[in-house]
>>> print(open('protein25.txt').read())   # compact mmCIF, C-alpha atoms and all ligand atoms
# COMPACT_ATOMS: atom_id res chain seq x y z
CA MET A 1 144.08 60.85 148.00
CA GLU A 2 145.32 64.12 149.44
CA VAL A 3 147.30 63.79 152.67
CA LYS A 4 147.41 67.01 154.65
CA LEU A 5 149.93 67.33 157.48
CA ASP A 6 149.53 70.10 160.05
CA VAL A 7 153.03 69.57 161.48
CA PRO A 8 154.89 72.04 159.21
CA LEU A 9 152.40 74.76 160.19
CA LEU A 10 152.84 73.85 163.84
CA THR A 11 156.63 73.77 163.72
CA SER A 12 156.85 76.98 161.77
CA SER A 13 154.54 78.62 164.30
CA ILE A 14 156.72 77.39 167.18
CA GLY A 15 159.84 78.43 165.27
CA LYS A 16 158.40 81.92 164.82
CA LYS A 17 157.51 82.13 168.53
CA LEU A 18 161.01 81.03 169.51
CA LEU A 19 162.61 83.65 167.30
CA MET A 20 160.26 86.29 168.73
CA ALA A 21 161.21 85.20 172.26
CA VAL A 22 164.99 85.18 171.67
CA THR A 23 165.08 88.48 169.76
CA GLY A 24 162.62 90.06 172.23
CA LEU A 25 164.77 89.14 175.24
CA GLY A 26 167.93 90.23 173.37
CA LEU A 27 166.34 93.63 172.65
CA THR A 28 165.36 93.92 176.32
CA PHE A 29 169.05 93.51 177.21
CA PHE A 30 169.91 96.17 174.62
CA LEU A 31 167.50 98.49 176.46
CA PHE A 32 169.53 98.11 179.70
CA GLY A 33 172.72 99.24 177.94
CA HIS A 34 170.93 102.03 176.08
CA LEU A 35 169.35 103.26 179.31
CA ALA A 36 172.73 103.32 181.08
CA GLY A 37 174.11 105.56 178.29
CA ASN A 38 171.02 107.80 178.33
CA LEU A 39 171.26 108.35 182.09
CA LEU A 40 174.51 110.26 181.39
CA LEU A 41 172.22 112.98 180.00
CA LEU A 42 171.15 113.67 183.59
CA LYS A 43 174.72 114.49 184.67
CA GLN A 44 175.16 118.18 185.45
CA ASP A 45 178.30 118.60 183.32
CA GLY A 46 177.00 120.37 180.22
CA GLY A 47 176.92 117.11 178.28
CA VAL A 48 180.65 116.25 178.55
CA ALA A 49 180.16 112.66 179.75
CA PHE A 50 177.30 111.98 177.30
CA ASN A 51 179.26 113.36 174.31
CA GLU A 52 182.31 111.30 175.32
CA TYR A 53 180.07 108.22 175.43
CA ALA A 54 178.59 109.12 172.01
CA ALA A 55 182.10 109.59 170.55
CA PHE A 56 183.13 106.20 171.94
CA MET A 57 180.00 104.58 170.43
CA LYS A 58 180.96 106.11 167.07
CA SER A 59 184.61 105.08 167.10
CA SER A 60 184.55 101.56 168.53
CA PRO A 61 184.37 98.66 165.97
CA PRO A 62 182.96 96.17 168.57
CA ILE A 63 180.14 98.68 169.18
CA TRP A 64 179.45 98.88 165.41
CA VAL A 65 179.14 95.07 165.39
CA SER A 66 176.77 95.13 168.37
CA GLU A 67 174.70 97.90 166.70
CA ILE A 68 174.39 95.77 163.54
CA LEU A 69 173.23 92.87 165.76
CA VAL A 70 170.68 95.15 167.47
CA PHE A 71 169.33 96.34 164.11
CA ALA A 72 169.18 92.73 162.85
CA GLY A 73 167.35 91.80 166.08
CA PHE A 74 164.79 94.57 165.54
CA VAL A 75 164.25 93.59 161.88
CA MET A 76 163.76 89.87 162.75
CA HIS A 77 161.50 90.70 165.71
CA ILE A 78 159.31 93.01 163.60
CA ILE A 79 159.08 90.68 160.57
CA GLN A 80 158.31 87.63 162.74
CA GLY A 81 155.79 89.67 164.75
CA ILE A 82 153.91 90.56 161.56
CA ARG A 83 154.02 86.95 160.29
CA LEU A 84 152.90 85.55 163.66
CA THR A 85 150.00 88.02 163.82
CA ILE A 86 148.85 86.93 160.34
CA LEU A 87 149.28 83.24 161.26
CA ASN A 88 147.31 83.67 164.52
CA ALA A 89 144.50 85.48 162.71
CA LYS A 90 144.28 82.68 160.12
CA ALA A 91 144.50 79.88 162.71
CA ARG A 92 141.74 81.37 164.89
CA PRO A 93 139.13 78.66 165.32
CA VAL A 94 135.54 79.36 164.36
CA GLY A 95 133.40 79.98 167.44
CA TYR A 96 136.42 80.91 169.53
CA LYS A 97 134.24 83.14 171.69
CA ARG A 98 133.07 80.06 173.55
CA ASN A 99 136.68 79.14 174.38
CA LYS A 100 138.19 81.58 176.84
CA GLY A 101 141.82 80.46 176.40
CA SER A 102 141.70 80.94 172.66
CA ALA A 103 139.95 84.28 173.03
CA ASN A 104 142.69 85.38 175.44
CA SER A 105 145.49 84.38 173.08
CA THR A 106 143.73 86.25 170.26
CA PHE A 107 143.42 89.30 172.51
CA TYR A 108 147.13 89.21 173.46
CA SER A 109 148.21 88.59 169.88
CA ARG A 110 146.23 91.68 168.80
CA PHE A 111 147.44 93.63 171.84
CA MET A 112 151.09 92.84 171.03
CA SER A 113 150.68 93.73 167.36
CA VAL A 114 149.02 97.07 168.20
CA THR A 115 151.61 98.06 170.85
CA GLY A 116 154.38 96.73 168.56
CA THR A 117 153.16 98.89 165.66
CA ILE A 118 153.12 102.01 167.86
CA LEU A 119 156.66 101.17 169.00
CA LEU A 120 157.77 100.73 165.39
CA ILE A 121 156.50 104.25 164.58
CA PHE A 122 158.32 105.50 167.69
CA LEU A 123 161.53 103.72 166.63
CA ILE A 124 161.48 105.17 163.09
CA ILE A 125 161.03 108.74 164.41
CA HIS A 126 163.57 108.14 167.19
CA LEU A 127 166.27 106.70 164.92
CA TRP A 128 165.77 109.48 162.40
CA SER A 129 166.08 112.21 165.11
CA PHE A 130 169.34 111.01 166.60
CA PHE A 131 170.95 108.00 164.97
CA PHE A 132 170.55 108.88 161.25
CA LYS A 133 170.38 112.69 161.37
CA HIS A 134 173.33 113.10 163.71
CA LYS A 135 175.45 110.00 163.92
CA LEU A 136 175.26 108.55 160.41
CA LEU A 137 174.46 111.47 158.09
CA ASN A 138 175.66 114.42 160.18
CA LEU A 139 172.89 116.66 158.78
CA GLU A 140 173.46 119.31 161.45
CA PRO A 141 177.23 119.78 161.47
CA GLY A 142 178.52 121.60 164.54
CA VAL A 143 175.62 120.41 166.73
CA ASP A 144 176.87 117.77 169.17
CA LEU A 145 174.58 114.90 170.18
CA TYR A 146 173.95 116.30 173.68
CA THR A 147 172.76 119.63 172.24
CA ALA A 148 170.60 117.80 169.67
CA VAL A 149 168.95 115.73 172.42
CA VAL A 150 168.38 118.79 174.66
CA LEU A 151 166.91 120.77 171.74
CA ALA A 152 164.59 117.88 170.83
CA PHE A 153 163.26 117.39 174.37
CA SER A 154 162.83 121.10 175.04
CA ASN A 155 159.79 120.68 172.78
CA VAL A 156 156.83 119.68 174.94
CA TYR A 157 155.10 117.72 172.13
CA TYR A 158 158.20 115.71 171.31
CA THR A 159 158.68 114.88 174.99
CA LEU A 160 155.01 113.96 175.34
CA PHE A 161 155.36 111.62 172.35
CA TYR A 162 158.30 109.87 174.10
CA VAL A 163 156.43 109.55 177.38
CA VAL A 164 153.38 108.02 175.64
CA ALA A 165 155.72 105.66 173.70
CA MET A 166 157.32 104.57 177.00
CA VAL A 167 153.87 103.77 178.48
CA VAL A 168 153.21 101.62 175.39
CA LEU A 169 156.67 100.02 175.82
CA ALA A 170 155.72 99.14 179.42
CA PHE A 171 152.61 97.26 178.23
CA HIS A 172 154.54 95.56 175.42
CA LEU A 173 157.27 94.41 177.84
CA ALA A 174 154.79 93.33 180.54
CA HIS A 175 153.27 90.71 178.26
CA GLY A 176 156.34 90.17 176.04
CA VAL A 177 158.86 89.17 178.73
CA GLN A 178 156.42 86.75 180.35
CA SER A 179 155.41 85.28 177.00
CA ALA A 180 159.07 84.86 175.90
CA VAL A 181 159.96 83.05 179.13
CA GLN A 182 156.96 80.75 178.65
CA THR A 183 157.92 80.02 175.01
CA LEU A 184 161.47 79.15 176.11
CA GLY A 185 160.08 76.79 178.77
CA TRP A 186 161.82 78.45 181.70
CA GLN A 187 158.76 78.29 183.98
CA ILE A 188 159.83 74.94 185.45
CA ASN A 189 157.40 75.06 188.39
CA PRO A 190 154.63 77.43 189.63
CA LYS A 191 156.97 79.14 192.12
CA VAL A 192 159.59 79.89 189.46
CA ALA A 193 156.82 80.96 187.07
CA ARG A 194 155.45 83.46 189.62
CA CYS A 195 158.94 84.76 190.37
CA ILE A 196 159.74 85.25 186.66
CA GLN A 197 156.39 86.93 186.12
CA ASN A 198 157.07 89.40 188.95
CA ILE A 199 160.57 90.16 187.61
CA GLY A 200 159.01 90.70 184.15
CA TYR A 201 156.43 93.12 185.55
CA ALA A 202 159.08 95.00 187.56
CA LEU A 203 161.25 95.37 184.43
CA ALA A 204 158.25 96.44 182.39
CA VAL A 205 157.58 99.29 184.81
CA LEU A 206 161.10 100.34 185.83
CA VAL A 207 162.86 100.37 182.44
CA PRO A 208 160.31 102.53 180.54
CA ALA A 209 159.91 104.79 183.62
CA ALA A 210 163.68 105.39 183.72
CA PHE A 211 163.71 106.04 179.94
CA ALA A 212 160.82 108.54 180.26
CA MET A 213 162.61 110.35 183.11
CA VAL A 214 165.29 111.68 180.72
CA PRO A 215 163.04 113.63 178.27
CA LEU A 216 160.88 114.86 181.18
CA TYR A 217 163.91 116.04 183.14
CA ILE A 218 165.31 117.88 180.09
CA LEU A 219 161.92 119.48 179.34
CA PHE A 220 161.50 120.71 182.93
CA ALA A 221 165.12 121.89 183.09
CA THR A 222 164.84 123.86 179.83
CA GLN A 223 161.55 125.43 181.07
CA GLY A 224 163.37 126.53 184.24
CA ILE A 225 161.22 124.29 186.46
CA PHE A 226 164.29 122.54 187.96
C1 LIG B 301 163.20 107.73 175.94
C2 LIG B 301 164.44 107.85 176.06
C3 LIG B 301 165.45 107.62 174.95
C4 LIG B 301 166.45 108.50 174.63
C5 LIG B 301 166.74 109.85 175.29
C6 LIG B 301 167.23 107.91 173.56
C7 LIG B 301 168.33 108.51 172.95
C8 LIG B 301 169.06 107.97 171.92
C9 LIG B 301 170.19 108.60 171.29
C10 LIG B 301 170.76 109.95 171.69
C11 LIG B 301 170.64 107.76 170.31
C12 LIG B 301 171.88 107.95 169.41
C13 LIG B 301 173.06 107.29 170.12
C14 LIG B 301 174.33 107.37 169.36
O1 LIG B 301 174.34 107.79 168.22
O2 LIG B 301 175.38 106.98 169.92
C15 LIG B 301 169.79 106.60 170.31
C16 LIG B 301 169.92 105.51 169.47
C17 LIG B 301 169.11 104.41 169.46
N1 LIG B 301 167.97 104.22 170.24
FE1 LIG B 301 167.34 105.44 171.71
N2 LIG B 301 166.70 106.67 173.24
C18 LIG B 301 165.60 106.47 174.05
C19 LIG B 301 164.76 105.34 174.04
C20 LIG B 301 164.89 104.27 173.17
C21 LIG B 301 164.03 103.11 173.17
C22 LIG B 301 162.88 102.88 174.16
C23 LIG B 301 164.47 102.29 172.17
C24 LIG B 301 163.93 100.97 171.73
C25 LIG B 301 162.67 100.62 171.79
C26 LIG B 301 165.60 102.93 171.54
C27 LIG B 301 166.31 102.42 170.49
C28 LIG B 301 167.44 102.99 169.93
C29 LIG B 301 168.25 102.37 168.88
C30 LIG B 301 167.99 101.01 168.24
C31 LIG B 301 169.28 103.26 168.60
C32 LIG B 301 170.41 103.07 167.55
C33 LIG B 301 171.51 102.17 168.10
C34 LIG B 301 172.39 102.89 169.10
O3 LIG B 301 172.86 103.98 168.82
O4 LIG B 301 172.62 102.31 170.16
N3 LIG B 301 165.83 104.13 172.17
N4 LIG B 301 168.83 106.74 171.29
>>> encode(input="protein25.txt", output="structure tokens")
Amino acid sequence: MEVKLDVPLLTSSIGKKLLMAVTGLGLTFFLFGHLAGNLLLLKQDGGVAFNEYAAFMKSSPPIWVSEILVFAGFVMHIIQGIRLTILNAKARPVGYKRNKGSANSTFYSRFMSVTGTILLIFLIIHLWSFFFKHKLLNLEPGVDLYTAVVLAFSNVYYTLFYVVAMVVLAFHLAHGVQSAVQTLGWQINPKVARCIQNIGYALAVLVPAAFAMVPLYILFATQGIF
């Protein structure tokens, strides 16, 4: 007689969701720090403060450790996201259209995998432009990071690509933060749940909007609009 237990599937699914939640929230915290550094690009000092910050990021061993953690966080989040999407697709019950809750979770799972894939493409292009080309491989010797960033965003298409990516990030965060908090069981009562949801939505709008402000500001400044 074959005994089939569903528990390992269940636990592994919960385990995957937990890892998604923890890495997702960790990456959201990374975004705060990254945004603070990026806002130095708006300082009217010819890039002095931003280049000093970039030099510090390059020379500080604790920062290298935190960057390795951030990269590990991205890798885990992406791999688990792909595995969870596959698992959700396989676990989808037949006739789910009759069940609204299940249809919703399928919709959000698909929504998160689509927005996540767009963000992955953004991240690859973004890391190549600044992190690998300039910081790690120094492929343009003599060009400091501030100049590289200004040159990149003086291109209207490149800036447009960033702005679109930030809109996608807003949607990804809007569902992601709320879903992570739910997975971690922090919504102890309806009032707290509503409060957390509102904070999540506010973050999802404010953080990408502040990120998008930098390329737009540089584009307008280089076109002589400001
Ligand atoms: C739209 C505005 C953004 C600008 C102007 C920007 C700019 C930069 C720059 C200049 C670097 C190189 C920093 C250095 O070498 O010290 C960098 C690195 C990085 N960026 Fe961004 N970034 C933006 C948005 C984002 C977003 C939304 C994400 C994540 C989804 C992200 C993820 C990263 C990562 C993982 C690194 C490498 C680690 C690090 O240097 O901290 N960036 N970014």
>>> atom_distance(input="protein25.txt", atom1="CA of Gly81 (chain A)", atom2="CA of Leu136 (chain A)")
27.5 Å
>>> atom_distance(input="protein25.txt", atom1="CA of Ala204 (chain A)", atom2="CA of Lys133 (chain A)")
29.2 Å
>>> residues_near_point(input="protein25.txt", point="(157.3, 108.3, 181.7)", cutoff="9 Å", atoms="all atoms listed in the file", output="CSV table (one decimal) with C-alpha atoms, keeping the file's coordinate frame")
chain,number,residue,atom,x,y,z
A,160,LEU,CA,155.0,114.0,175.3
A,162,TYR,CA,158.3,109.9,174.1
A,163,VAL,CA,156.4,109.6,177.4
A,164,VAL,CA,153.4,108.0,175.6
A,165,ALA,CA,155.7,105.7,173.7
A,166,MET,CA,157.3,104.6,177.0
A,167,VAL,CA,153.9,103.8,178.5
A,208,PRO,CA,160.3,102.5,180.5
A,209,ALA,CA,159.9,104.8,183.6
A,210,ALA,CA,163.7,105.4,183.7
A,211,PHE,CA,163.7,106.0,179.9
A,212,ALA,CA,160.8,108.5,180.3
A,213,MET,CA,162.6,110.4,183.1
A,214,VAL,CA,165.3,111.7,180.7
A,215,PRO,CA,163.0,113.6,178.3
A,216,LEU,CA,160.9,114.9,181.2
>>> atom_distance(input="protein25.txt", atom1="CA of Thr85 (chain A)", atom2="atom C2 of ligand LIG 301 (chain B)")
27.4 Å
>>> residues_around(input="protein25.txt", residues="Leu41 (chain A)", least_positions_apart="3", cutoff="9 Å", atoms="only C-alpha atoms", output="PyMOL selection string")
chain A and resi 37-38+44-47+49-50+146+149-150+214+218
>>> closest_residue(input="protein25.txt", among="A:Val177, A:Ile82, A:Ile14, A:Ala55", to="ligand LIG 301 (chain B)", atoms="all atoms listed in the file")
A:Ala55
>>> closest_residue(input="protein25.txt", among="A:Lys58, A:His77, A:Arg83, A:His175", to="ligand LIG 301 (chain B)", atoms="all atoms listed in the file")
A:Lys58
>>> residues_around(input="protein25.txt", residues="Leu119 (chain A)", least_positions_apart="2", cutoff="9 Å", atoms="only C-alpha atoms", output="PyMOL selection string")
chain A and resi 114-117+121-124+165-166+168-169+172
>>> closest_residue(input="protein25.txt", among="A:Leu219, A:Ser113, A:Arg194, A:Ile199", to="ligand LIG 301 (chain B)", atoms="all atoms listed in the file")
A:Leu219
>>> residues_around(input="protein25.txt", residues="Phe30 (chain A)", least_positions_apart="2", cutoff="12 Å", atoms="all atoms listed in the file", output="PyMOL selection string")
chain A and resi 23-28+32-37+63+66-71+73-74+207
>>> residues_around(input="protein25.txt", residues="Ile196 (chain A)", least_positions_apart="3", cutoff="8 Å", atoms="all atoms listed in the file", output="PyMOL selection string")
chain A and resi 178+181+187+192-193+199-200
>>> write_last_selection(input="protein25.txt", atoms="C-alpha atoms", output="mmCIF file, in the frame of the given file")
data_model
loop_
_atom_site.group_PDB
_atom_site.id
_atom_site.type_symbol
_atom_site.label_atom_id
_atom_site.label_comp_id
_atom_site.auth_asym_id
_atom_site.auth_seq_id
_atom_site.Cartn_x
_atom_site.Cartn_y
_atom_site.Cartn_z
ATOM 1 C CA GLN A 178 156.420 86.750 180.350
ATOM 2 C CA VAL A 181 159.960 83.050 179.130
ATOM 3 C CA GLN A 187 158.760 78.290 183.980
ATOM 4 C CA VAL A 192 159.590 79.890 189.460
ATOM 5 C CA ALA A 193 156.820 80.960 187.070
ATOM 6 C CA ILE A 199 160.570 90.160 187.610
ATOM 7 C CA GLY A 200 159.010 90.700 184.150
#
>>> closest_residue(input="protein25.txt", among="A:Tyr108, A:Phe171, A:Trp64, A:Phe130", to="ligand LIG 301 (chain B)", atoms="only C-alpha atoms and all ligand atoms")
A:Phe130
>>> residues_around(input="protein25.txt", residues="Ala89 (chain A)", least_positions_apart="5", cutoff="10 Å", atoms="all atoms listed in the file", output="compact mmCIF listing (two decimals) with C-alpha atoms, keeping the file's coordinate frame")
# COMPACT_ATOMS: atom_id res chain seq x y z
CA ARG A 83 154.02 86.95 160.29
CA LEU A 84 152.90 85.55 163.66
CA THR A 106 143.73 86.25 170.26
CA SER A 109 148.21 88.59 169.88
CA ARG A 110 146.23 91.68 168.80
>>> closest_residue(input="protein25.txt", among="A:Ser105, A:Ser13, A:Ser154, A:Gln80", to="ligand LIG 301 (chain B)", atoms="all atoms listed in the file")
A:Ser154
>>> closest_residue(input="protein25.txt", among="A:Leu87, A:Ile118, A:Ala21, A:Ile188", to="ligand LIG 301 (chain B)", atoms="only C-alpha atoms and all ligand atoms")
A:Ile118
>>> axis_aligned_box(input="protein25.txt", around="ligand LIG 301 (chain B)", padding_each_side="4 Å", output="lines of an AutoDock Vina configuration file")
center_x = 169.0
center_y = 105.3
center_z = 171.8
size_x = 20.7
size_y = 17.3
size_z = 16.5
